[in-house]
Amino acid sequence: MPVTVEVPKEKYGGKVREVVIGATKDQGGTRSKAITIGGEAALPFMHFEGAIPHPPAIAIEVQDRKPSDWSPVVLDAWKEVADDPVKWAKAAEAAGADLILLKLNTTLADGSPNTPANAKKVVRDVLNATGLPLMVFGPGQAELDNELLVPVAEEAKGEKIVLGVAEDKNYRTIVAAAMANDHVVNSRTPMDVNLAKQLVILIHDMGLPLERVLMDPTTGALGYGIEYGYSVMERLRLAALQGDGMTQQPMVVTPGEEAWRVKESKVGTDVPAMWGDWKERAIHWETLTAASLVETGADILVLRHPEAVKRVKEMIAQLMSQTR
Amino acid sequence: MALTGLQIYKLLPQTNCKECGFPTCLAFAMKLAAKQAELKACPYVSEASKSQLEAASQPPIRLITLSTDGRKAVAGNEIVLFRHEKTFFNPAPIFVRVKDTDADLAAKAKEMNAFAVDYVGIKLQLSGVAIENASGDANKFAAAVDAVRGASDFPLILIAKDPAAFEAAMAKAKGAVPLFYAADASNVAALAAVAKKFNAPLAVKGDGLDATAALAEQAKAAGIEDIVIDPGARDFLGTLTLATQIRRLAVKKNFRALGYPVITFPGEGVSSADEELVLAAQHIGKYAGFVVLDHFTPASAYALLVLRQNIYTDPQKPIQVQPGLYEINAPKPESPVLVTTNFSITYFSISNEVEGAGLPAWLMVADAEGMSVLTAWAAGKFDADRIAKAVKTTNVESKISRKRLVLPGHVAVLMGEVEEALPGWQIDVGPREAVDVPAYMKLKP
Ligand code: SF4
C-alpha cells in the first residue's frame with residue numbers, strides 16, 4: 001500500500017536581517033573580502049521552506065596579549081603565536097576563520113591597565129596582518145571599554161568592524177563610536193528574549209541602522225545552563241520569522257569563551273575518572289556547546305580551539321549542502 | 001493530538017439528553033477535553049465517532065519501552081517541537097553498537113555498564129547496547145546476546161535481517177524485551193511475525209517519509225503496535241530535515257503512520273568518531289527517539305549525556321536546590337560566607353569547588369527562583385533585598401564571628417546596595433566563575 005506523505009511547510013512573514021561585516025578597498029576599507037551574515041527566511045537549515053542564504057560564520061578569538069587564564073589545552077594548540085596578536089591572527093586565518101575576534105585585555109602584559117595607545121596599535125597591526133573582517137571586544141568593564149573602544153573605532157574607520165560588547169550599561173558610547181566611524185555593534189544581553197529585544201530598540205533609537213546591529217543573547221556552556229540560551233535563541237528566531245522586527249538581528253554567540261571557563265575543560269587533575277581524557281573532553285565541550293547553538297540559529301560563532309573550529313565548520317558545510 | 005471541547009462536541013449526538021449526567025452535549029464535551037469525564041458515560045455516541053475520539057486521545061508519538069531485568073529504555077510521548085513550548089519528556093536513550101564479530105564482547109559490555117557520571121546530583125549512564133548480526137550467523141548472534149546479557153543488565157537493540165537470527169537471539173535474551181531492527185520492504189512480513197511472537201517492538205527502515213510510513217502501516221496491519229522508525233537519511237542535513245518533518249507531522253498533524261520514535265545511527269553519516277559525536281548532538285536536540293553510537297569513550301559519553309540532560313530539562317522547572325545555609329568542610333565561626341543563588345548548577349559548581357579544595361566555608365544560598373547568578377540578577381531575582389533576606393532567614397549571624405560576605409563576581413554592581421542593606425558586614429567581590437573560587441579563597445582567607 002503506497003503512502004504519500006504531504007510534508008507540512010511553515011510560511012513565515014519575516015526574515016532575519018542581513019548584516020555586512022568588513023569593507024574592501026571599493027567599499028572604503030582594506031579587507032580582502034567582506035562577509036554577509038543573516039538573511040534566513042526559515043528555521044536553521046530548513047532549506048525546503050525558505051532561503052538560508054549565508055552559512056553561519058566562524059570567528060576565532062585572539063587576544064591582544066597572551067591570556068593569563070586560558071586552559072593549557074587551548075594555549076597548547078596555538079603555542080607561541082599566542083604571544084603575538086599579529087601571528088595569532090594569521091594562524092587563526094590559516095585555521096579556517098571567517099572573521100577574527102580581537103579581545104582586548106583589562107591589563108597589559110606587565111600588569112598595568114590597558115591603554116588606548118596599545119589598543120589602537122594592536123588593532124592596526126591585526127588589520128595589516130590579515131584580510132579577514134574584524135571584530136573587537138573590550139575587556140567587559142564599562143569604563144575601560146569606553147576608554148579603549150572609542151579610539152579603536154576611530155583607528156579602524158571605514159573597515160566596518162564589529163564593536164563589542166554593547167551592554168545595557170555602556171551601549172551609548174559604543175553605539176556613538178560605531179555611528180561616527182561606520183562600524184557594526186554587537187548588542188549583548190543576559191539570556192532573556194525581552195532584554196535582547198529591548199537593547200536592540202535602544203540602540204536603534206540612537207540612530208544606528210538595524211543593518212549594523214548584531215544580537216548576542218549569551219548562552220551558557222554545556223552543563224552550565226546552555227538550555228536557557230538554547231531556548232532563548234529558538235524563541236528569538238521564531239519571533240524574527242513571525243515578523244517581530246526588533247528580533248531580526250543576526251545572532252552572535254561565544255561558545256569558545258563559555259565552554260573554556262568551565263571545570264570540564266579547564267581542569268585536568270582531581271576530577272572524576274569517568275570524565276575521561278582531559279583534552280578529548282575539553283574539545284568535545286567546546287564543540288558540542290557550539291554545535292547546539294548552530295542548530296538554534298547562531299550566525300556567528302566565536303571559537304577558541306582549532307580542532308573545535310574544524311569540526312563545527314564541517315558540520316556547517318554539511319548542513320548547507322543541498323546536493324543530496 | 002488532544003481535541004478541543006468544540007471538536008469533541010461535533011462528534012457527539014448533540015441531542016442534549018442529559019443521560020451522561022451533564023446538562024448538554026457541549027458541557028460533556030468540555031469535561032472530556034479536560035479529561036474530567038469518560039466517553040463511555042454517553043450511551044449514544046456512534047462507533048465512527050468513538051474510534052475518532054480514541055485515535056485522538058493517543059499520544060502523537062507512541063511511547064516505546066525496551067526492558068531488561070526491570071531496567072528500561074523509554075522513548076516517545078513527545079508533544080512539542082520546541083522545549084520552551086512545554087518540555088521534552090523522555091530523554092532519548094543512547095545505545096552503543098557492538099557486533100557479533102567483535103572480540104571481548106562481555107568485557108566491552110561490562111565497561112560500558114560501569115560507566116556513570118554524577119551531574120548536579122543526577123546519575124548519568126548509557127541506556128543500552130545494540131548488537132549487530134554482522135557475521136550473518138544466527139548462532140554467533142545468539143552467543144553475542146548471551147555474552148552481553150551475562151555481563152550487564154543493559155536494555156538491547158538486536159540488529160539483524162534474518163528472522164531465524166532473531167529467534168536464536170531471543171533464546172538467549174533471558175526475558176529481555178529488545179527492539180528488533182529493522183524491517184524493510186523485503187522482509188517486513190517475516191520480521192513482524194517474529195517480533196509479534198516475542199512481543200518485541202519492531203523498527204522499520206524506509207528510504208524517505210513515504211516508504212517509511214508505508215512500512216509502518218504494514219507492520220501495524222501485521223499486528224505490531226510498538227514501532228520505531230528509521231527514515232533512512234544518515235547525513236547532517238538529511239537527518240535534520242526528515243526528523244523535523246516527522247516531528248511536525250506527528251505533533252501538529254497527528255499523522256499516525258509516522259507517530260513513532262525515530263532511531264538514528266550518527267556513526268553511519270560521518271567519517272570519524274569526533275564527527276559522530278557532533279551529529280549525535282544534533283540528533284539529541286532535533287528529534288531522535290533512540291540514538292545508536294558506534295564509538296564509546298568516557299569523555300564523549302559524558303559530554304553527550306550532559307547535553308541530553310540539559311535539553312530534556314523542564315524549562316518551567318529549572319533544577320533547584322533548597323535555599324538555606326550549607327556548611328562546607330565543617331566551617332568555623334571565622335570562615336567566610338559565600339552567597340549564591342539556588343539554581344542547582346550554580347550551587348553544585350561552587351560547592352564542588354570549595355569542598356574539593358578542602359576549604360571551610362558557609363555557603364548561603366539565596367532564593368532566586370532557581371536561576372543562575374547572571375540570569376537571576378537580570379530578572380531582579382537576586383539583589384540586595386534577597387541577599388539581606390537570606391542573611392535573616394538563615395540566621396547566619398548567630399553562627400559566625402566575622403561578618404564577611406563574598407558576592408559572586410558577576411554581581412559586583414550590587415556591592416554598594418548590599419553594604420547598605422547589611423550594616424556591619426564587610427562585603428567583598430569574589431570571582432565570576434566557580435572554578436576560580438578556591439584560588440580566591442586562598443588569597444583572601
Ligand atoms: S449522553 Fe450523550 S447525547 Fe446525551 S447529553 Fe450526554 S453527550 Fe449528549
# chains A, B, ... in the order shown; residues from 1 in each chain; ligands from 1
$ interface_residues --of "chain B" --to "chain A" --cutoff "8 Å" --atoms "only C-alpha atoms" --output "JSON, numbers by chain"
{"B": [82, 83, 84, 115, 116, 117, 209, 210, 211, 213, 214, 218, 235, 236, 237, 238, 241, 245, 248, 249, 274, 275, 278, 279, 281, 282, 285, 297, 298, 299, 300, 302, 303, 304, 306, 307, 310, 311, 313, 315, 345, 346, 372, 374, 375, 378, 433, 435]}
$ write_last_selection --atoms "N, CA and C atoms" --output "CSV table (one decimal), in the first residue's frame"
chain,number,residue,atom,x,y,z
B,82,PHE,N,9.4,22.5,20.2
B,82,PHE,CA,10.5,23.3,20.9
B,82,PHE,C,10.3,23.1,22.4
B,83,ARG,N,11.4,23.0,23.1
B,83,ARG,CA,11.3,22.7,24.5
B,83,ARG,C,10.6,23.8,25.3
B,84,HIS,N,10.8,25.1,24.8
B,84,HIS,CA,10.1,26.2,25.5
B,84,HIS,C,8.6,26.1,25.5
B,115,PHE,N,30.1,2.5,33.3
B,115,PHE,CA,30.2,4.0,33.1
B,115,PHE,C,29.1,4.7,33.7
B,116,ALA,N,29.4,5.7,34.6
B,116,ALA,CA,28.4,6.5,35.3
B,116,ALA,C,29.0,7.8,35.7
B,117,VAL,N,28.4,8.9,35.5
B,117,VAL,CA,28.9,10.2,36.0
B,117,VAL,C,27.8,10.9,36.8
B,209,LEU,N,10.2,9.6,3.7
B,209,LEU,CA,8.9,9.6,4.5
B,209,LEU,C,7.9,8.6,3.9
B,210,ASP,N,7.7,8.6,2.6
B,210,ASP,CA,6.6,7.8,2.0
B,210,ASP,C,6.9,6.3,2.3
B,211,ALA,N,8.1,5.9,2.0
B,211,ALA,CA,8.4,4.5,2.2
B,211,ALA,C,8.4,4.1,3.7
B,213,ALA,N,6.6,5.5,6.1
B,213,ALA,CA,5.2,5.5,6.6
B,213,ALA,C,4.5,4.2,6.1
B,214,ALA,N,4.8,3.8,4.8
B,214,ALA,CA,4.1,2.6,4.3
B,214,ALA,C,4.6,1.4,5.0
B,218,GLN,N,2.3,-1.2,7.3
B,218,GLN,CA,2.3,-2.7,7.0
B,218,GLN,C,2.6,-3.4,8.3
B,235,ASP,N,23.1,11.6,6.9
B,235,ASP,CA,23.9,12.8,7.0
B,235,ASP,C,23.3,13.9,7.8
B,236,PHE,N,24.0,15.0,8.1
B,236,PHE,CA,23.6,16.1,9.0
B,236,PHE,C,22.2,16.7,8.4
B,237,LEU,N,22.2,17.1,7.2
B,237,LEU,CA,21.1,17.8,6.7
B,237,LEU,C,19.9,16.9,6.5
B,238,GLY,N,20.1,15.7,6.0
B,238,GLY,CA,19.1,14.7,5.7
B,238,GLY,C,18.4,14.3,7.0
B,241,THR,N,16.4,17.3,8.5
B,241,THR,CA,15.2,17.6,7.7
B,241,THR,C,14.1,16.6,8.0
B,245,GLN,N,10.5,17.0,10.0
B,245,GLN,CA,9.2,16.8,9.3
B,245,GLN,C,8.4,15.8,10.0
B,248,ARG,N,6.9,17.3,13.2
B,248,ARG,CA,5.8,18.2,12.9
B,248,ARG,C,4.6,17.4,12.5
B,249,LEU,N,4.8,16.4,11.6
B,249,LEU,CA,3.6,15.6,11.1
B,249,LEU,C,2.9,14.9,12.3
B,274,ASP,N,34.9,11.6,16.3
B,274,ASP,CA,34.6,13.0,16.7
B,274,ASP,C,33.4,13.6,16.0
B,275,GLU,N,33.4,13.4,14.7
B,275,GLU,CA,32.2,13.9,14.0
B,275,GLU,C,30.9,13.2,14.3
B,278,VAL,N,29.3,15.0,17.1
B,278,VAL,CA,28.6,16.2,16.7
B,278,VAL,C,27.3,15.9,16.1
B,279,LEU,N,27.2,14.9,15.2
B,279,LEU,CA,25.9,14.5,14.6
B,279,LEU,C,25.0,14.0,15.7
B,281,ALA,N,24.9,14.9,18.7
B,281,ALA,CA,24.4,16.1,19.5
B,281,ALA,C,23.3,16.7,18.7
B,282,GLN,N,23.4,16.8,17.4
B,282,GLN,CA,22.2,17.3,16.6
B,282,GLN,C,21.0,16.4,16.9
B,285,GLY,N,19.1,17.1,20.2
B,285,GLY,CA,18.3,18.3,20.2
B,285,GLY,C,17.1,18.2,19.2
B,297,THR,N,33.7,6.5,24.3
B,297,THR,CA,34.8,6.8,25.2
B,297,THR,C,34.1,7.6,26.4
B,298,PRO,N,34.7,7.5,27.6
B,298,PRO,CA,34.1,8.2,28.7
B,298,PRO,C,33.9,9.7,28.4
B,299,ALA,N,34.9,10.3,27.8
B,299,ALA,CA,34.8,11.8,27.6
B,299,ALA,C,33.7,12.1,26.6
B,300,SER,N,33.5,11.4,25.6
B,300,SER,CA,32.4,11.7,24.6
B,300,SER,C,31.1,11.4,25.2
B,302,TYR,N,30.2,11.4,28.3
B,302,TYR,CA,29.9,12.4,29.4
B,302,TYR,C,29.3,13.6,28.7
B,303,ALA,N,30.0,14.1,27.7
B,303,ALA,CA,29.5,15.4,27.0
B,303,ALA,C,28.1,15.2,26.5
B,304,LEU,N,27.9,14.0,25.8
B,304,LEU,CA,26.6,13.8,25.2
B,304,LEU,C,25.5,13.6,26.2
B,306,VAL,N,25.4,14.9,29.2
B,306,VAL,CA,25.1,16.2,29.8
B,306,VAL,C,24.2,17.0,28.9
B,307,LEU,N,24.6,17.0,27.6
B,307,LEU,CA,23.7,17.7,26.6
B,307,LEU,C,22.3,17.2,26.7
B,310,ASN,N,20.5,18.5,29.6
B,310,ASN,CA,20.2,19.9,29.5
B,310,ASN,C,19.0,20.1,28.6
B,311,ILE,N,19.0,19.5,27.5
B,311,ILE,CA,17.9,19.6,26.5
B,311,ILE,C,16.6,19.1,27.1
B,313,THR,N,15.7,19.1,30.2
B,313,THR,CA,15.3,19.7,31.5
B,313,THR,C,14.0,20.5,31.3
B,315,PRO,N,11.8,23.4,31.1
B,315,PRO,CA,12.0,24.8,31.3
B,315,PRO,C,11.2,25.5,32.3
B,345,ILE,N,22.8,24.1,39.2
B,345,ILE,CA,24.1,24.1,38.5
B,345,ILE,C,25.1,25.0,39.2
B,346,THR,N,24.6,26.2,39.6
B,346,THR,CA,25.4,27.2,40.3
B,346,THR,C,25.8,26.7,41.6
B,372,SER,N,20.3,31.1,37.6
B,372,SER,CA,21.7,31.3,37.8
B,372,SER,C,22.0,32.7,38.2
B,374,LEU,N,23.7,35.3,37.0
B,374,LEU,CA,23.5,36.4,36.0
B,374,LEU,C,22.1,36.5,35.6
B,375,THR,N,21.4,35.4,35.3
B,375,THR,CA,20.0,35.4,34.9
B,375,THR,C,19.1,36.0,36.0
B,378,ALA,N,19.6,39.7,36.3
B,378,ALA,CA,18.9,40.4,35.2
B,378,ALA,C,17.4,40.4,35.4
B,433,GLU,N,33.7,33.0,38.1
B,433,GLU,CA,33.5,31.6,37.9
B,433,GLU,C,33.8,30.8,39.1
B,435,VAL,N,35.1,27.9,39.3
B,435,VAL,CA,36.4,27.2,39.2
B,435,VAL,C,37.5,28.1,39.8
$ residues_near_ligand --ligand "ligand 1" --cutoff "6 Å" --atoms "only C-alpha atoms and all ligand atoms" --output "number ranges by chain"
B: 12-20, 22, 24-25, 28, 42-44
$ residues_around --residues "Ala95 (chain A)" --least-positions-apart "5" --cutoff "10 Å" --atoms "only C-alpha atoms" --output "mmCIF file with all heavy atoms, in the first residue's frame"
data_model
loop_
_atom_site.group_PDB
_atom_site.id
_atom_site.type_symbol
_atom_site.label_atom_id
_atom_site.label_comp_id
_atom_site.auth_asym_id
_atom_site.auth_seq_id
_atom_site.Cartn_x
_atom_site.Cartn_y
_atom_site.Cartn_z
ATOM 1 N N ILE A 60 37.431 33.289 15.077
ATOM 2 C CA ILE A 60 38.375 32.737 16.050
ATOM 3 C C ILE A 60 38.850 33.870 16.948
ATOM 4 O O ILE A 60 39.192 34.956 16.470
ATOM 5 C CB ILE A 60 39.563 32.031 15.367
ATOM 6 C CG1 ILE A 60 39.049 30.790 14.616
ATOM 7 C CG2 ILE A 60 40.632 31.631 16.403
ATOM 8 C CD1 ILE A 60 40.128 29.972 13.935
ATOM 9 N N ALA A 89 46.561 36.116 14.735
ATOM 10 C CA ALA A 89 45.518 36.390 13.742
ATOM 11 C C ALA A 89 45.802 35.655 12.434
ATOM 12 O O ALA A 89 44.901 35.103 11.799
ATOM 13 C CB ALA A 89 45.409 37.896 13.504
ATOM 14 N N LYS A 90 47.073 35.639 12.040
ATOM 15 C CA LYS A 90 47.431 34.913 10.811
ATOM 16 C C LYS A 90 47.173 33.413 10.974
ATOM 17 O O LYS A 90 46.659 32.752 10.067
ATOM 18 C CB LYS A 90 48.911 35.139 10.482
ATOM 19 C CG LYS A 90 49.180 36.482 9.839
ATOM 20 C CD LYS A 90 50.631 36.563 9.401
ATOM 21 C CE LYS A 90 50.884 37.877 8.650
ATOM 22 N NZ LYS A 90 52.247 38.350 8.828
ATOM 23 N N HIS A 305 39.421 26.793 20.106
ATOM 24 C CA HIS A 305 40.358 25.708 19.778
ATOM 25 C C HIS A 305 40.256 25.351 18.288
ATOM 26 O O HIS A 305 39.152 25.151 17.777
ATOM 27 C CB HIS A 305 40.059 24.477 20.637
ATOM 28 C CG HIS A 305 41.184 23.492 20.660
ATOM 29 N ND1 HIS A 305 41.514 22.724 19.560
ATOM 30 C CD2 HIS A 305 42.091 23.173 21.620
ATOM 31 C CE1 HIS A 305 42.563 21.963 19.859
ATOM 32 N NE2 HIS A 305 42.930 22.227 21.114
ATOM 33 N N PRO A 306 41.406 25.258 17.590
ATOM 34 C CA PRO A 306 41.358 24.991 16.145
ATOM 35 C C PRO A 306 40.658 23.676 15.789
ATOM 36 O O PRO A 306 40.033 23.575 14.731
ATOM 37 C CB PRO A 306 42.829 24.936 15.726
ATOM 38 C CG PRO A 306 43.645 24.976 16.971
ATOM 39 C CD PRO A 306 42.778 25.482 18.071
ATOM 40 N N GLU A 307 40.729 22.693 16.676
ATOM 41 C CA GLU A 307 40.057 21.423 16.383
ATOM 42 C C GLU A 307 38.529 21.594 16.466
ATOM 43 O O GLU A 307 37.792 21.039 15.645
ATOM 44 C CB GLU A 307 40.554 20.355 17.360
ATOM 45 C CG GLU A 307 39.979 18.976 17.152
ATOM 46 C CD GLU A 307 40.218 18.392 15.750
ATOM 47 O OE1 GLU A 307 41.296 18.625 15.178
ATOM 48 O OE2 GLU A 307 39.319 17.700 15.241
ATOM 49 N N VAL A 309 37.045 24.342 15.789
ATOM 50 C CA VAL A 309 36.744 25.097 14.570
ATOM 51 C C VAL A 309 36.545 24.137 13.395
ATOM 52 O O VAL A 309 35.579 24.229 12.646
ATOM 53 C CB VAL A 309 37.895 26.085 14.249
ATOM 54 C CG1 VAL A 309 37.729 26.682 12.851
ATOM 55 C CG2 VAL A 309 37.952 27.187 15.307
ATOM 56 N N LYS A 310 37.459 23.192 13.289
ATOM 57 C CA LYS A 310 37.396 22.238 12.179
ATOM 58 C C LYS A 310 36.090 21.441 12.221
ATOM 59 O O LYS A 310 35.399 21.288 11.207
ATOM 60 C CB LYS A 310 38.602 21.288 12.307
ATOM 61 C CG LYS A 310 38.933 20.547 11.054
ATOM 62 C CD LYS A 310 40.160 19.658 11.260
ATOM 63 C CE LYS A 310 39.752 18.227 11.011
ATOM 64 N NZ LYS A 310 40.647 17.268 11.630
#
$ residues_around --residues "Gln52 (chain B)" --least-positions-apart "2" --cutoff "12 Å" --atoms "only C-alpha atoms" --output "list in words"
Met1, Ala2, Leu3, Gln7, Ile8, Lys10, Leu11, Leu12, Leu39, Val45, Ser46, Glu47, Ala48, Ser49, Lys50, Glu54, Ala55, Ala56, Ser57, Gln58 and Asn254 of chain B
$ write_last_selection --atoms "N, CA and C atoms" --output "PDB file, in the first residue's frame"
ATOM      1  N   MET B   1      -2.964  14.003  18.967  1.00  0.00           N
ATOM      2  CA  MET B   1      -3.113  15.370  19.480  1.00  0.00           C
ATOM      3  C   MET B   1      -4.480  15.513  20.151  1.00  0.00           C
ATOM      4  N   ALA B   2      -4.533  16.115  21.296  1.00  0.00           N
ATOM      5  CA  ALA B   2      -5.789  16.257  22.020  1.00  0.00           C
ATOM      6  C   ALA B   2      -6.753  17.166  21.248  1.00  0.00           C
ATOM      7  N   LEU B   3      -8.027  16.816  21.287  1.00  0.00           N
ATOM      8  CA  LEU B   3      -9.040  17.638  20.613  1.00  0.00           C
ATOM      9  C   LEU B   3      -9.574  18.680  21.584  1.00  0.00           C
ATOM     10  N   GLN B   7     -14.292  20.575  19.134  1.00  0.00           N
ATOM     11  CA  GLN B   7     -14.060  19.477  18.184  1.00  0.00           C
ATOM     12  C   GLN B   7     -14.733  18.201  18.668  1.00  0.00           C
ATOM     13  N   ILE B   8     -14.695  17.966  19.970  1.00  0.00           N
ATOM     14  CA  ILE B   8     -15.335  16.776  20.523  1.00  0.00           C
ATOM     15  C   ILE B   8     -16.853  16.898  20.384  1.00  0.00           C
ATOM     16  N   LYS B  10     -18.609  18.254  18.169  1.00  0.00           N
ATOM     17  CA  LYS B  10     -19.082  17.929  16.819  1.00  0.00           C
ATOM     18  C   LYS B  10     -19.230  16.421  16.601  1.00  0.00           C
ATOM     19  N   LEU B  11     -18.532  15.641  17.413  1.00  0.00           N
ATOM     20  CA  LEU B  11     -18.598  14.183  17.250  1.00  0.00           C
ATOM     21  C   LEU B  11     -19.681  13.554  18.144  1.00  0.00           C
ATOM     22  N   LEU B  12     -20.307  14.350  19.008  1.00  0.00           N
ATOM     23  CA  LEU B  12     -21.347  13.829  19.911  1.00  0.00           C
ATOM     24  C   LEU B  12     -22.724  13.943  19.235  1.00  0.00           C
ATOM     25  N   LEU B  39     -15.758   8.911  28.029  1.00  0.00           N
ATOM     26  CA  LEU B  39     -16.631   8.849  26.867  1.00  0.00           C
ATOM     27  C   LEU B  39     -17.765   7.849  27.074  1.00  0.00           C
ATOM     28  N   VAL B  45     -23.175   7.748  21.579  1.00  0.00           N
ATOM     29  CA  VAL B  45     -22.122   8.157  20.647  1.00  0.00           C
ATOM     30  C   VAL B  45     -21.883   7.044  19.607  1.00  0.00           C
ATOM     31  N   SER B  46     -21.733   7.444  18.347  1.00  0.00           N
ATOM     32  CA  SER B  46     -21.638   6.452  17.256  1.00  0.00           C
ATOM     33  C   SER B  46     -20.279   5.762  17.260  1.00  0.00           C
ATOM     34  N   GLU B  47     -20.228   4.596  16.618  1.00  0.00           N
ATOM     35  CA  GLU B  47     -18.960   3.851  16.545  1.00  0.00           C
ATOM     36  C   GLU B  47     -17.885   4.672  15.823  1.00  0.00           C
ATOM     37  N   ALA B  48     -18.305   5.337  14.777  1.00  0.00           N
ATOM     38  CA  ALA B  48     -17.346   6.124  13.990  1.00  0.00           C
ATOM     39  C   ALA B  48     -16.730   7.229  14.856  1.00  0.00           C
ATOM     40  N   SER B  49     -17.594   7.917  15.604  1.00  0.00           N
ATOM     41  CA  SER B  49     -17.096   8.984  16.473  1.00  0.00           C
ATOM     42  C   SER B  49     -16.188   8.410  17.545  1.00  0.00           C
ATOM     43  N   LYS B  50     -16.587   7.259  18.065  1.00  0.00           N
ATOM     44  CA  LYS B  50     -15.810   6.622  19.125  1.00  0.00           C
ATOM     45  C   LYS B  50     -14.373   6.375  18.654  1.00  0.00           C
ATOM     46  N   GLU B  54     -10.988   8.043  20.109  1.00  0.00           N
ATOM     47  CA  GLU B  54      -9.934   7.228  20.700  1.00  0.00           C
ATOM     48  C   GLU B  54      -8.588   7.492  20.037  1.00  0.00           C
ATOM     49  N   ALA B  55      -8.620   7.586  18.712  1.00  0.00           N
ATOM     50  CA  ALA B  55      -7.370   7.860  17.989  1.00  0.00           C
ATOM     51  C   ALA B  55      -6.781   9.185  18.450  1.00  0.00           C
ATOM     52  N   ALA B  56      -7.677  10.166  18.659  1.00  0.00           N
ATOM     53  CA  ALA B  56      -7.192  11.490  19.032  1.00  0.00           C
ATOM     54  C   ALA B  56      -6.627  11.515  20.440  1.00  0.00           C
ATOM     55  N   SER B  57      -7.047  10.543  21.257  1.00  0.00           N
ATOM     56  CA  SER B  57      -6.557  10.579  22.629  1.00  0.00           C
ATOM     57  C   SER B  57      -5.198   9.883  22.760  1.00  0.00           C
ATOM     58  N   GLN B  58      -4.734   9.242  21.671  1.00  0.00           N
ATOM     59  CA  GLN B  58      -3.407   8.627  21.693  1.00  0.00           C
ATOM     60  C   GLN B  58      -2.340   9.725  21.677  1.00  0.00           C
ATOM     61  N   ASN B 254      -1.030  15.167  13.780  1.00  0.00           N
ATOM     62  CA  ASN B 254      -1.464  13.876  14.304  1.00  0.00           C
ATOM     63  C   ASN B 254      -1.428  12.791  13.227  1.00  0.00           C
TER      64      ASN B 254
END
$ closest_residue --among "B:Ile284, B:Val228, B:Leu6, B:Ala171" --to "Leu26 (chain B)" --atoms "only C-alpha atoms"
B:Leu6
$ residues_around --residues "region 207-213 of chain A" --least-positions-apart "2" --cutoff "7 Å" --atoms "only C-alpha atoms" --output "NGL selection string"
:A and (17-19 or 179 or 184-187 or 203-205 or 215 or 249)
$ residues_around --residues "region 93-105 of chain B" --least-positions-apart "2" --cutoff "8 Å" --atoms "only C-alpha atoms" --output "VMD selection string"
chain B and resid 73 to 75 91 107 to 109 126 to 135 140 to 141 143 to 144 147 to 148 289 to 296
